[in-house]
Every structure is written in structure tokens, then in C-alpha cells.
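So this one's protein-v4.txt, compact mmCIF, C-alpha atoms:
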# COMPACT_ATOMS: atom_id res chain seq x y z
CA MET A 205 -20.88 -24.69 1.49
CA TYR A 206 -19.43 -27.55 3.47
CA GLU A 207 -16.35 -25.57 4.45
CA SER A 208 -18.37 -22.59 5.59
CA ALA A 209 -20.49 -24.80 7.79
CA LEU A 210 -17.32 -26.38 9.08
CA SER A 211 -15.62 -23.22 10.32
CA LEU A 212 -18.89 -21.83 11.67
CA LYS A 213 -19.18 -25.03 13.70
CA TYR A 214 -15.71 -24.69 15.20
CA GLY A 215 -16.10 -20.94 15.57
CA VAL A 216 -19.16 -21.55 17.76
CA MET A 217 -17.35 -24.21 19.73
CA GLY A 218 -14.36 -21.90 20.25
CA LEU A 219 -16.57 -19.16 21.64
CA LEU A 220 -18.27 -21.62 23.98
CA ALA A 221 -14.84 -22.76 25.16
CA GLU A 222 -14.35 -19.25 26.59
CA GLU A 223 -17.68 -19.18 28.45
CA SER A 224 -21.26 -20.40 28.31
CA LEU A 225 -23.46 -18.40 25.94
CA HIS A 226 -26.95 -18.44 24.52
CA GLY A 227 -27.75 -18.33 20.82
CA TYR A 228 -27.87 -14.59 20.32
CA GLU A 229 -24.66 -14.04 22.25
CA VAL A 230 -22.96 -16.63 20.07
CA LYS A 231 -24.12 -14.80 16.93
CA ASN A 232 -23.00 -11.39 18.21
CA ARG A 233 -19.63 -12.60 19.44
CA PHE A 234 -18.98 -14.56 16.29
CA GLU A 235 -19.65 -11.51 14.11
CA ALA A 236 -17.63 -9.26 16.40
CA MET A 237 -14.72 -11.70 16.33
CA LEU A 238 -14.75 -11.61 12.53
CA GLY A 239 -14.96 -7.80 12.63
CA GLY A 240 -17.93 -7.73 10.26
CA THR A 241 -16.23 -9.87 7.62
CA TRP A 242 -18.75 -12.67 8.08
CA GLU A 243 -22.40 -12.08 8.90
CA VAL A 244 -24.48 -15.06 10.02
CA ASN A 245 -28.18 -15.23 10.65
CA ILE A 246 -29.52 -16.46 13.94
CA GLY A 247 -31.12 -19.47 12.23
CA GLN A 248 -27.69 -20.75 11.17
CA ILE A 249 -26.48 -20.38 14.74
CA TYR A 250 -29.41 -22.32 16.23
CA THR A 251 -29.11 -25.06 13.61
CA THR A 252 -25.39 -25.32 14.36
CA LEU A 253 -26.00 -25.44 18.12
CA GLN A 254 -28.66 -28.15 17.72
CA ARG A 255 -26.35 -30.29 15.59
CA LEU A 256 -23.49 -29.82 18.02
CA GLU A 257 -25.80 -30.83 20.88
CA ARG A 258 -27.01 -33.86 18.92
CA ASP A 259 -23.37 -34.90 18.39
CA GLY A 260 -22.55 -34.43 22.06
CA LEU A 261 -20.08 -31.60 21.47
CA VAL A 262 -22.05 -28.93 23.34
CA ARG A 263 -24.71 -29.22 26.07
CA PRO A 264 -27.15 -26.97 27.90
CA ALA A 265 -25.58 -25.30 30.92
CA GLY A 266 -28.64 -25.50 33.12
CA PRO A 267 -32.40 -25.12 32.58
CA ARG A 268 -34.04 -22.59 30.26
CA GLY A 269 -33.87 -19.14 31.76
CA ASP A 270 -35.38 -15.77 31.07
CA ARG A 271 -37.73 -15.87 28.03
CA GLY A 272 -36.79 -19.46 27.36
CA LYS A 273 -33.12 -18.67 26.69
CA LEU A 274 -30.84 -21.65 26.84
CA LEU A 275 -27.19 -21.32 27.78
CA TYR A 276 -24.81 -23.69 26.03
CA GLU A 277 -21.42 -24.89 27.15
CA LEU A 278 -18.73 -26.99 25.50
CA SER A 279 -18.72 -30.66 26.56
CA PRO A 280 -15.44 -32.52 27.28
CA GLU A 281 -15.86 -34.24 23.88
CA GLY A 282 -16.33 -30.83 22.32
CA GLN A 283 -13.16 -29.55 23.96
CA LYS A 284 -11.25 -32.50 22.57
CA ALA A 285 -12.66 -32.00 19.06
CA LEU A 286 -11.89 -28.29 19.14
CA LYS A 287 -8.32 -28.92 20.24
CA GLN A 288 -7.85 -31.41 17.41
CA TRP A 289 -9.28 -28.99 14.86
CA LEU A 290 -7.00 -26.14 16.04
CA ALA A 291 -3.95 -28.38 15.79
CA GLN A 292 -4.83 -29.55 12.29
CA PRO A 293 -3.16 -27.47 9.52
CA ASP A 294 -5.29 -26.42 6.55
CA SER A 295 -4.36 -28.63 3.64
CA GLY A 296 -6.01 -30.05 0.58
CA PRO A 297 -6.68 -28.20 -2.67
CA GLN A 298 -6.21 -24.44 -2.72
CA GLN A 299 -9.46 -22.52 -3.06
CA LEU A 300 -9.59 -20.09 -5.96
CA HIS A 301 -12.87 -18.34 -5.39
CA GLU A 302 -12.79 -15.61 -7.97
CA ASP A 303 -14.15 -15.55 -11.49
CA ILE A 304 -10.94 -14.12 -12.90
CA TYR A 305 -9.40 -17.59 -12.96
CA VAL A 306 -12.14 -18.90 -15.23
CA LYS A 307 -12.26 -15.69 -17.28
CA LEU A 308 -8.57 -16.07 -17.98
CA LEU A 309 -9.00 -19.61 -19.26
CA LEU A 310 -11.93 -18.61 -21.45
CA ALA A 311 -10.29 -15.45 -22.77
CA THR A 312 -7.40 -17.47 -24.13
CA ARG A 313 -9.83 -19.81 -25.96
CA ILE A 314 -12.45 -17.40 -27.25
CA ALA A 315 -11.47 -15.34 -30.28
CA ASN A 316 -11.44 -11.63 -29.35
CA GLY A 317 -11.38 -12.69 -25.74
CA ASP A 318 -9.67 -9.38 -24.96
CA LEU A 319 -7.18 -10.88 -22.52
CA ASP A 320 -5.24 -7.60 -22.27
CA GLY A 321 -8.40 -5.70 -21.36
CA ILE A 322 -9.39 -8.30 -18.80
CA LEU A 323 -5.94 -8.16 -17.21
CA ALA A 324 -5.84 -4.36 -17.15
CA ARG A 325 -9.26 -4.03 -15.56
CA GLN A 326 -8.51 -6.77 -13.07
CA LYS A 327 -5.29 -5.04 -12.10
CA ARG A 328 -7.18 -1.86 -11.27
CA ALA A 329 -9.69 -3.80 -9.23
CA TYR A 330 -6.86 -5.42 -7.26
CA LEU A 331 -5.14 -2.05 -6.70
CA GLN A 332 -8.41 -0.62 -5.40
CA ARG A 333 -8.84 -3.66 -3.16
CA LEU A 334 -5.32 -3.19 -1.81
CA ARG A 335 -6.17 0.40 -0.97
CA ASP A 336 -9.41 -0.64 0.73
CA LEU A 337 -7.61 -3.36 2.69
CA ASN A 338 -4.90 -0.92 3.72
CA ARG A 339 -7.55 1.41 5.11
CA LEU A 340 -9.31 -1.45 6.84
CA GLU A 341 -6.05 -2.57 8.42
CA GLU A 342 -5.32 0.94 9.67
CA ARG A 343 -8.80 1.18 11.14
CA ALA A 344 -8.45 -2.22 12.84
CA ARG A 345 -5.15 -1.18 14.40
CA ARG A 346 -6.58 2.16 15.50
CA ASP A 347 -9.46 0.30 17.16
CA GLY A 348 -7.00 -1.99 18.93
CA ARG A 349 -8.22 -5.01 16.93
CA ILE A 350 -4.82 -6.60 16.34
CA ASP A 351 -6.43 -9.97 15.58
CA LEU A 352 -8.56 -8.44 12.84
CA ALA A 353 -5.59 -6.44 11.52
CA ARG A 354 -3.72 -9.73 11.17
CA LEU A 355 -6.60 -11.19 9.19
CA VAL A 356 -6.63 -8.17 6.90
CA ARG A 357 -2.86 -8.42 6.55
CA GLY A 358 -3.35 -11.96 5.23
CA ALA A 359 -5.86 -10.67 2.68
CA LEU A 360 -3.44 -7.88 1.71
CA LEU A 361 -0.67 -10.33 0.99
CA HIS A 362 -3.01 -12.53 -1.03
CA THR A 363 -4.12 -9.59 -3.12
CA GLU A 364 -0.50 -8.59 -3.60
CA ALA A 365 0.19 -12.06 -4.96
CA ASP A 366 -2.82 -11.78 -7.27
CA LEU A 367 -1.41 -8.49 -8.57
CA LYS A 368 1.97 -10.06 -9.21
CA TRP A 369 0.24 -12.82 -11.12
CA ILE A 370 -1.62 -10.30 -13.31
CA ASP A 371 1.64 -8.43 -13.92
CA GLU A 372 3.36 -11.64 -14.90
CA LEU A 373 0.60 -12.48 -17.37
CA SER A 374 0.67 -8.93 -18.76
CA SER A 375 4.42 -8.99 -19.21
CA GLU A 376 4.10 -12.30 -21.10
CA ARG A 377 1.71 -10.50 -23.41
CA PHE A 378 4.06 -7.60 -23.88
CA GLY A 379 6.90 -9.99 -24.58
CA ALA A 380 4.84 -11.80 -27.21
CA GLU A 381 3.86 -8.56 -28.91
CA GLY A 382 7.46 -7.44 -28.93
CA ALA A 383 8.44 -10.67 -30.65
CA ARG A 384 5.79 -10.21 -33.33
CA THR A 385 6.85 -6.71 -34.27
CA GLU A 386 10.52 -7.58 -34.56
CA MET B 135 3.16 24.83 16.43
CA ASP B 136 1.30 21.56 15.95
CA ARG B 137 2.49 18.91 13.53
CA ARG B 138 0.05 19.85 10.76
CA ALA B 139 0.79 23.54 10.93
CA PHE B 140 4.45 22.73 10.88
CA PHE B 141 4.23 20.62 7.74
CA ARG B 142 2.14 23.31 6.10
CA THR B 143 4.86 25.80 6.86
CA PHE B 144 7.54 23.56 5.49
CA ARG B 145 5.81 22.22 2.44
CA GLY B 146 6.67 23.60 -0.92
CA GLY B 147 4.51 25.63 -3.21
CA GLY B 148 1.25 24.32 -4.51
CA GLY B 149 -1.38 22.12 -3.07
CA LYS B 150 -4.01 24.73 -2.45
CA ASP B 151 -5.72 24.76 -5.83
CA GLY B 152 -4.83 21.11 -6.35
CA MET B 153 -5.86 21.24 -9.98
CA SER B 154 -2.94 22.83 -11.73
CA GLU B 155 -0.38 20.84 -13.58
CA LEU B 156 3.05 20.59 -11.98
CA VAL B 157 4.84 17.93 -14.02
CA ARG B 158 4.44 16.98 -17.64
CA LEU B 159 6.36 14.39 -19.62
CA THR B 160 5.65 14.43 -23.35
CA ASP B 161 6.75 11.56 -25.62
CA VAL B 162 9.80 11.00 -23.49
CA THR B 163 12.30 8.39 -24.55
CA LYS B 164 15.57 7.48 -22.92
CA LEU B 165 18.02 5.20 -24.62
CA TYR B 166 20.94 3.60 -22.88
CA GLN B 167 23.90 2.18 -24.70
CA GLY B 168 24.37 -1.52 -24.32
CA GLY B 169 20.95 -2.49 -23.08
CA ILE B 170 17.31 -1.69 -22.59
CA THR B 171 17.29 -1.81 -18.78
CA GLY B 172 15.72 1.36 -17.47
CA ALA B 173 15.10 2.71 -20.95
CA LEU B 174 11.96 4.71 -21.66
CA ASN B 175 9.95 4.12 -24.77
CA GLY B 176 7.57 7.04 -25.30
CA ILE B 177 6.17 8.22 -21.95
CA SER B 178 3.53 10.93 -21.62
CA ILE B 179 2.07 11.71 -18.21
CA SER B 180 1.20 14.73 -16.15
CA VAL B 181 1.03 15.20 -12.39
CA GLU B 182 -1.06 17.85 -10.66
CA LYS B 183 -0.03 19.98 -7.73
CA GLY B 184 -0.94 18.32 -4.46
CA GLU B 185 -1.00 14.79 -5.85
CA PHE B 186 0.63 11.78 -4.26
CA ALA B 187 1.32 9.53 -7.22
CA ALA B 188 3.14 6.22 -7.16
CA ILE B 189 5.11 4.97 -10.13
CA MET B 190 5.10 1.22 -9.90
CA GLY B 191 6.87 -1.40 -11.93
CA PRO B 192 9.39 -4.22 -11.77
CA SER B 193 13.12 -3.50 -11.64
CA GLY B 194 14.46 -2.35 -14.98
CA SER B 195 11.03 -1.08 -16.07
CA GLY B 196 12.25 2.52 -16.28
CA LYS B 197 10.48 3.88 -13.22
CA SER B 198 13.62 5.29 -11.61
CA THR B 199 14.67 6.75 -14.97
CA MET B 200 11.38 8.67 -15.03
CA LEU B 201 12.06 10.09 -11.59
CA ASN B 202 15.62 11.08 -12.49
CA LEU B 203 14.35 12.95 -15.57
CA VAL B 204 11.74 14.81 -13.51
CA ALA B 205 14.46 15.69 -11.00
CA GLY B 206 16.69 17.06 -13.74
CA LEU B 207 19.37 14.54 -12.79
CA ASP B 208 19.34 13.17 -16.32
CA ARG B 209 18.16 14.31 -19.74
CA PRO B 210 15.80 12.46 -22.08
CA SER B 211 16.97 11.19 -25.48
CA SER B 212 13.88 12.80 -26.98
CA GLY B 213 10.68 14.42 -25.75
CA THR B 214 10.21 17.12 -23.15
CA VAL B 215 10.06 17.27 -19.37
CA THR B 216 8.33 20.29 -17.86
CA VAL B 217 8.20 20.99 -14.13
CA GLY B 218 6.35 23.99 -12.74
CA GLY B 219 6.18 25.55 -16.21
CA THR B 220 9.92 25.21 -16.80
CA GLU B 221 11.04 23.01 -19.68
CA LEU B 222 14.11 21.33 -18.25
CA GLY B 223 15.64 20.68 -21.68
CA LYS B 224 16.11 24.41 -22.12
CA LEU B 225 18.21 24.74 -18.98
CA GLY B 226 21.99 24.47 -19.02
CA GLU B 227 23.86 22.53 -16.36
CA ALA B 228 23.99 25.48 -13.97
CA GLY B 229 20.31 26.18 -14.56
CA LEU B 230 19.45 22.54 -13.89
CA ALA B 231 21.45 22.59 -10.68
CA ARG B 232 19.55 25.69 -9.55
CA PHE B 233 16.26 24.08 -10.53
CA ARG B 234 17.05 20.99 -8.46
CA ARG B 235 18.14 23.04 -5.49
CA ASP B 236 15.09 25.29 -5.51
CA HIS B 237 12.29 22.93 -6.55
CA ILE B 238 13.19 19.30 -5.94
CA GLY B 239 13.55 17.30 -2.77
CA PHE B 240 14.89 13.81 -3.42
CA VAL B 241 14.82 10.84 -1.07
CA PHE B 242 16.76 7.74 -2.11
CA GLN B 243 16.69 4.12 -1.09
CA PHE B 244 20.15 4.26 0.49
CA PHE B 245 19.81 7.71 2.11
CA TYR B 246 23.14 9.07 0.77
CA LEU B 247 24.00 11.08 3.84
CA LEU B 248 27.51 12.49 3.99
CA PRO B 249 29.29 10.37 6.63
CA ASN B 250 31.58 13.12 7.90
CA LEU B 251 28.75 15.53 8.69
CA THR B 252 26.24 15.31 11.56
CA ALA B 253 22.53 14.75 10.94
CA LEU B 254 21.87 18.47 11.37
CA GLU B 255 24.72 19.43 9.04
CA ASN B 256 23.42 17.01 6.40
CA VAL B 257 19.97 18.59 6.60
CA LEU B 258 21.49 22.04 6.17
CA ILE B 259 23.49 21.33 3.01
CA PRO B 260 20.80 22.22 0.43
CA ALA B 261 19.99 25.45 2.31
CA GLN B 262 23.66 26.41 2.47
CA LEU B 263 24.02 25.84 -1.26
CA LYS B 264 21.26 28.39 -1.61
CA GLY B 265 23.05 30.79 0.72
CA ASN B 266 20.62 30.28 3.58
CA VAL B 267 21.67 29.38 7.09
CA VAL B 268 18.63 28.03 8.87
CA PRO B 269 19.78 25.77 11.72
CA GLY B 270 16.64 26.61 13.72
CA ARG B 271 14.40 25.36 10.97
CA ALA B 272 16.55 22.30 10.42
CA ARG B 273 16.30 21.43 14.11
CA GLU B 274 12.57 21.91 13.99
CA LEU B 275 12.30 19.62 10.97
CA LEU B 276 14.27 16.96 12.83
CA GLU B 277 12.01 17.40 15.82
CA ARG B 278 8.85 17.03 13.79
CA LEU B 279 10.24 13.97 12.06
CA GLY B 280 10.81 12.52 15.51
CA ILE B 281 14.62 12.53 15.56
CA LYS B 282 15.70 15.77 17.21
CA GLU B 283 17.79 13.86 19.75
CA VAL B 284 20.15 12.63 17.02
CA ALA B 285 20.79 16.05 15.46
CA ASP B 286 24.45 16.05 16.44
CA ARG B 287 25.19 12.43 15.64
CA TYR B 288 27.04 11.19 12.60
CA PRO B 289 25.17 8.91 10.15
CA ALA B 290 27.17 5.83 11.18
CA ARG B 291 25.56 6.10 14.61
CA LEU B 292 22.01 6.27 13.26
CA SER B 293 19.60 3.43 12.50
CA GLY B 294 18.32 3.02 8.94
CA GLY B 295 14.99 4.60 9.84
CA GLN B 296 16.73 7.57 11.49
CA GLN B 297 18.99 8.03 8.48
CA GLN B 298 16.00 8.08 6.15
CA ARG B 299 14.27 10.65 8.34
CA VAL B 300 17.37 12.82 8.18
CA ALA B 301 17.32 12.40 4.41
CA ILE B 302 13.65 13.45 4.33
CA ALA B 303 14.44 16.51 6.44
CA ARG B 304 17.27 17.35 4.02
CA ALA B 305 14.87 16.95 1.09
CA LEU B 306 12.39 19.33 2.74
CA ILE B 307 14.73 22.06 3.98
CA ASN B 308 14.33 24.22 0.87
CA ASN B 309 10.53 23.84 0.69
CA PRO B 310 10.61 21.84 -2.54
CA THR B 311 7.79 22.17 -5.03
CA LEU B 312 8.05 18.46 -5.60
CA LEU B 313 9.21 15.68 -3.32
CA LEU B 314 10.59 12.67 -5.18
CA ALA B 315 11.14 9.38 -3.38
CA ASP B 316 12.84 6.43 -5.04
CA GLU B 317 12.13 3.22 -3.08
CA PRO B 318 12.43 5.15 0.20
CA THR B 319 11.64 2.07 2.27
CA GLY B 320 13.69 -0.38 0.21
CA ALA B 321 16.50 -0.55 2.75
CA LEU B 322 14.26 -0.51 5.84
CA ASP B 323 12.45 -3.24 7.77
CA THR B 324 8.67 -3.39 7.36
CA HIS B 325 7.83 -1.52 10.56
CA THR B 326 10.32 1.30 10.00
CA GLY B 327 9.26 1.46 6.36
CA ASP B 328 5.63 1.90 7.44
CA GLN B 329 6.65 4.78 9.69
CA VAL B 330 8.60 6.51 6.93
CA MET B 331 5.68 6.09 4.54
CA GLY B 332 3.39 7.43 7.24
CA LEU B 333 5.52 10.59 7.35
CA LEU B 334 5.26 10.98 3.58
CA GLY B 335 1.49 10.51 3.85
CA GLN B 336 1.36 13.26 6.48
CA LEU B 337 3.39 15.59 4.27
CA HIS B 338 0.99 14.91 1.40
CA ARG B 339 -2.08 15.59 3.52
CA ASP B 340 -0.52 18.94 4.32
CA GLY B 341 -0.19 19.78 0.65
CA GLN B 342 3.16 18.40 -0.50
CA THR B 343 3.20 17.01 -4.03
CA ILE B 344 4.93 13.63 -3.97
CA LEU B 345 6.09 11.26 -6.67
CA LEU B 346 7.01 7.88 -5.26
CA VAL B 347 8.80 5.13 -7.12
CA THR B 348 8.22 1.67 -5.72
CA HIS B 349 7.79 -1.95 -6.68
CA ASP B 350 5.65 -2.51 -3.56
CA ALA B 351 1.92 -2.37 -4.37
CA LYS B 352 0.91 -2.53 -0.70
CA LEU B 353 2.91 0.60 0.06
CA ALA B 354 1.86 2.37 -3.12
CA THR B 355 -1.86 1.91 -2.57
CA ARG B 356 -1.66 2.68 1.12
CA HIS B 357 -0.73 6.31 0.62
CA ALA B 358 -0.95 7.20 -3.06
CA ALA B 359 -4.37 7.68 -4.62
CA ARG B 360 -2.85 7.35 -8.06
CA VAL B 361 -0.82 4.41 -9.29
CA ILE B 362 1.04 4.70 -12.58
CA SER B 363 2.18 1.27 -13.77
CA VAL B 364 5.32 1.14 -15.88
CA MET B 365 6.54 -1.87 -17.78
CA ASP B 366 9.30 -2.15 -20.36
CA GLY B 367 9.68 1.62 -20.54
CA LYS B 368 5.99 2.31 -21.15
CA VAL B 369 3.10 3.47 -19.01
CA VAL B 370 0.72 0.52 -19.15
CA ASP B 371 -1.85 1.80 -16.68
CA ASP B 372 -2.70 4.98 -14.82
CA ALA B 373 -5.19 4.21 -12.06
CA ARG B 374 -6.84 6.78 -9.82
CA LEU B 375 -8.05 4.99 -6.74
CA GLU B 376 -11.00 5.83 -4.54
CA SER B 377 -10.93 6.23 -0.78
CA PRO B 378 -14.47 5.49 0.37
CA ASP B 379 -15.25 4.38 3.91
CA ARG B 380 -16.19 0.82 3.19
CA THR B 381 -17.47 -1.53 5.84
CA ALA B 382 -15.32 -4.55 6.60
CA SER B 383 -17.70 -6.93 4.83
CA GLU B 384 -17.53 -4.85 1.64
CA VAL B 385 -13.80 -5.41 1.52
CA ILE B 386 -13.23 -8.85 2.94
CA ARG B 387 -15.31 -11.96 3.54
CA VAL B 388 -14.21 -14.92 5.54
CA ARG B 389 -15.72 -17.86 3.74
CA GLY B 390 -19.27 -16.73 4.50
CA GLU B 391 -19.95 -15.84 0.89
CA GLU B 392 -20.33 -19.47 -0.18
CA VAL B 393 -23.48 -19.74 1.90
CA SER B 394 -25.18 -16.65 0.57
CA ARG B 395 -24.47 -17.50 -3.06

The structure given in the file should be rewritten as C-alpha cells.
Amino acid sequence: MYESALSLKYGVMGLLAEESLHGYEVKNRFEAMLGGTWEVNIGQIYTTLQRLERDGLVRPAGPRGDRGKLLYELSPEGQKALKQWLAQPDSGPQQLHEDIYVKLLLATRIANGDLDGILARQKRAYLQRLRDLNRLEERARRDGRIDLARLVRGALLHTEADLKWIDELSSERFGAEGARTE
Amino acid sequence: MDRRAFFRTFRGGGGKDGMSELVRLTDVTKLYQGGITGALNGISISVEKGEFAAIMGPSGSGKSTMLNLVAGLDRPSSGTVTVGGTELGKLGEAGLARFRRDHIGFVFQFFYLLPNLTALENVLIPAQLKGNVVPGRARELLERLGIKEVADRYPARLSGGQQQRVAIARALINNPTLLLADEPTGALDTHTGDQVMGLLGQLHRDGQTILLVTHDAKLATRHAARVISVMDGKVVDDARLESPDRTASEVIRVRGEEVSR
């Protein structure tokens, strides 16, 4: 939750660093930048803009205009904060978002946990995801969205690592079975 | 002739009905003296005409052994291998050689072009073995694979990607029923490898049946709708993948999910 709010905050600031925008433009550009991989509602955008304004990181770029629309721009403090954030590498604990990590732990504890079945089904799901990501990457490249293609490439490599992990676990299982039958 | 029409002309038999069996391995084992690397331990699979199937597994899992048996380059210790209705075990050496020449196109990781022949001459070898002289068709293959300008060069003067394209042209010259590719991008950089795989994908879309051996899941899933996983000489999974048009957010989420949960 906190992390999501965090990158939304800097995402908004980054867009305002390019040019002044009002709330709806921020929402549309943010979603377009992410190529549909992150949908935000307009309420989140306005809340974020209000907090950024409260903290002095963005400010109105002039009076309210047509239909009460307010243009926002990045303040000098905001520019400084954004620059710092961009320069800061991501560190801290690695995020493992998927249930499979917990399933694996439970399957090894619960009798009849069907670890082999879990691994086999997970492998198929990862293969399907790789195929979907491959298609998404091709589409992004075709559309000239090199930035998005790079993002998808990152996801592809992660999924490839997940697959290798499943294979490693499966081959441990095969090894163990081999030892039992000998 | 456009690219698609060309590949249709040059593809091998099959592909149209798409539902008939082309390859069948039944209880195939392969034992090697002095080790289990590459051995097969009871494999049964079938491949339909028009399929693009990837055989995936770590090195030593037996995936290349499977391909060599299908190609008739090697014989199983037990079990049967049938390709296009022909049981390979019933063929003698001369029969197997004819079978390979007439039905199999094989692309290898390290190209295996003859260094003292030009690109064009390399492409022509399988046709000449069959008694056919088809330099026009060979040149056209090279053109459609994007390397017509190197037709008269020797392999030493070709890049890796060009050499592999020549090898693909050579594999296609006799209109093989089945195109086999063993780690065809293993010796190429990522970009060139993508291009070579793109060519294989195009051949498949035009009806060519392809069996690809790879350890690379990204490559396998990119073009093959079927992924056969091999481990320790056994088929451990046989996945048929879907190709729906998913929206970006159905495939990938950038952090946003935490909020909606």
C-alpha cells in the first residue's frame, strides 16, 4: 500500500516536471506511460496532488480556468525531491507478491500437500505468462513503445527466473524419488 | 511472389488439415554406455502436422537425443519412432539416409556449413544428393531469408546470423515434412537469435511443422504454442499454451494491485 502510494506520488511529480497539467491529464498520462499496466482512479490522483501541494512539492500554475480546472506545476522543492528519488536505487527487502511462495511452504508441511502437482500447475501458469508477455512485448515494439517493451522485458526475465526456480524444485523432487527407488 | 506465398511454396507437406499425426514416439528408451547423460527413459509423445512444438529441458535431459531419434540420426534402445507413417526402426541405413534427405530439415546450434563451399553451394547439397539441381530456388530461398547478397561467399566470411540463415535455407531446400532445430540460437547474440526465431515463426505460420529443442523458455513460448518439458530422460509436462489477445493489465501490473486488494 505504502509503496504503491510512493511511486504514484513520484510518477505524478515526474509528469509535472515535463509540463503543467490538470488532474485528468495527470491521470491519462500516467496510465498511458504505464501502457495500461496500472490503472488509477481520478480520486487517487486528486488526493495525491493535494498532499503534494500541502507538502510544497507542487503548486497551482495560475488561477482556476475553464470549469474550475486547476493546472499544477512542480515547485523547485518538488524538482529537488524528484531528482533525489530518481537517483536513489531500489533496495530493501525483495518483494515476493505471489501466493506460490506461501503455497510452497505449506505444501511441504501439510501431509498430502501435493507439492509435485502444485509445481507442475505453477510451471504451466508461468509458461503461459511468458507467452502472454512475449506477445505484449511484440505489440509494444510494434507500437513504438520502447519504454513499455523494456518494462515487459523486465517482467519476462523475472518470470523466466520463476520458471527456473520451479524446475529446480521439481528436479530436487525427481532426485529424491530416484533415491527412494534405488 | 510475396514472402508468405514463397514460404507456402517452399514448406514441406502437411499443415493444411493440421490434425493428423506426423511424429509418434512410443515407449522410447535410449541407453548410453558409461553414463545417463542424454539417455531417454520411456518417452511417448506425438506431434501433429502443422505444429510448432518446443522440447525444453536442462542440458543432459535427453532433449537433443529425442530430436536425433526423430531425425533418424540415431536409433532407440527400445520403443518405436514413427514419422509420417514410416516406422524408422524398420529402415536400413540406406533407407534412413533417404528418409532424412526427403523428409527432414535439420538446423543445428553451430550451423555445420561446409567451409570450402559457398553459401549457395551449401544450400544446394541436399538437393544434389537427391539428384535435383535447383540453383534458382536456392537463390530465392536465400533472398527470402534476407541474405541473397552473400550467396557466393564462403562461410568464414559470414556472420553467425547469416550462417544460420544459410543453414535454414539448406534445411528447407528439399521441402522437408518436418523441420528440426536444435538450439538454433545458441551460438547467436540475442538480437540475431530473435531474428532467426522470427523466421522459424514465419515458416510455421505458413504451415511448416517444426520441432525446436531449447533450454530457453522465453524463446520457446514466444513462437511455440506447445512446450514439452523433459527432465532426466522423461517427459514431465506437455503444455499447450493459449494465444489470446490480452490487455496489458491482464498480463502485467506495476505495483497498482496492492491498492485494489

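Nearest residue to chain A, choosing from B:Ile259, B:Met190, B:Leu156, B:Leu313 and counting all atoms listed in the file: B:Met190.
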
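Shell of Glu364 in chain A at 10 Å, with all atoms listed in the file counted and residues fewer than 3 places along the chain excluded, is Tyr330, Leu331, Arg333, Leu334, Gly358, Ala359, Leu360, Leu361, Leu367, Lys368, Trp369 and Ile370 of chain A; Asp350, Ala351 and Lys352 of chain B.
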
Pull out every residue of chain A that has at least one atom within 7 Å of chain B, counting all atoms listed in the file, and report them as a list in words. Met205, Ser208, Gly239, Gly240, Thr241, Trp242, Arg328, Leu331, Gln332, Leu334, Arg335, Asp336, Leu337, Asn338, Leu340 and Glu364 of chain A

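Comparing B:Leu159, B:Val369, B:Ala301, B:Leu312 by their smallest distance to Gly341 in chain B, the closest is B:Leu312 (using all atoms listed in the file).
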
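Nearest to Asp208 in chain B of all the residues B:Ile189, B:Leu247, B:Leu230, B:Leu263 is B:Leu230, counting all atoms listed in the file.
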
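The interatomic distance for the pair CA of Leu165 in chain B and CA of Leu222 in chain B works out to 17.8 Å.
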
Could you list as a VMD selection string every residue that has an atom within 10 Å of (-26.9, -14.5, 21.8), using the file's coordinates and counting all atoms listed in the file? chain A and resid 225 to 234 246 249 to 250 273 to 275
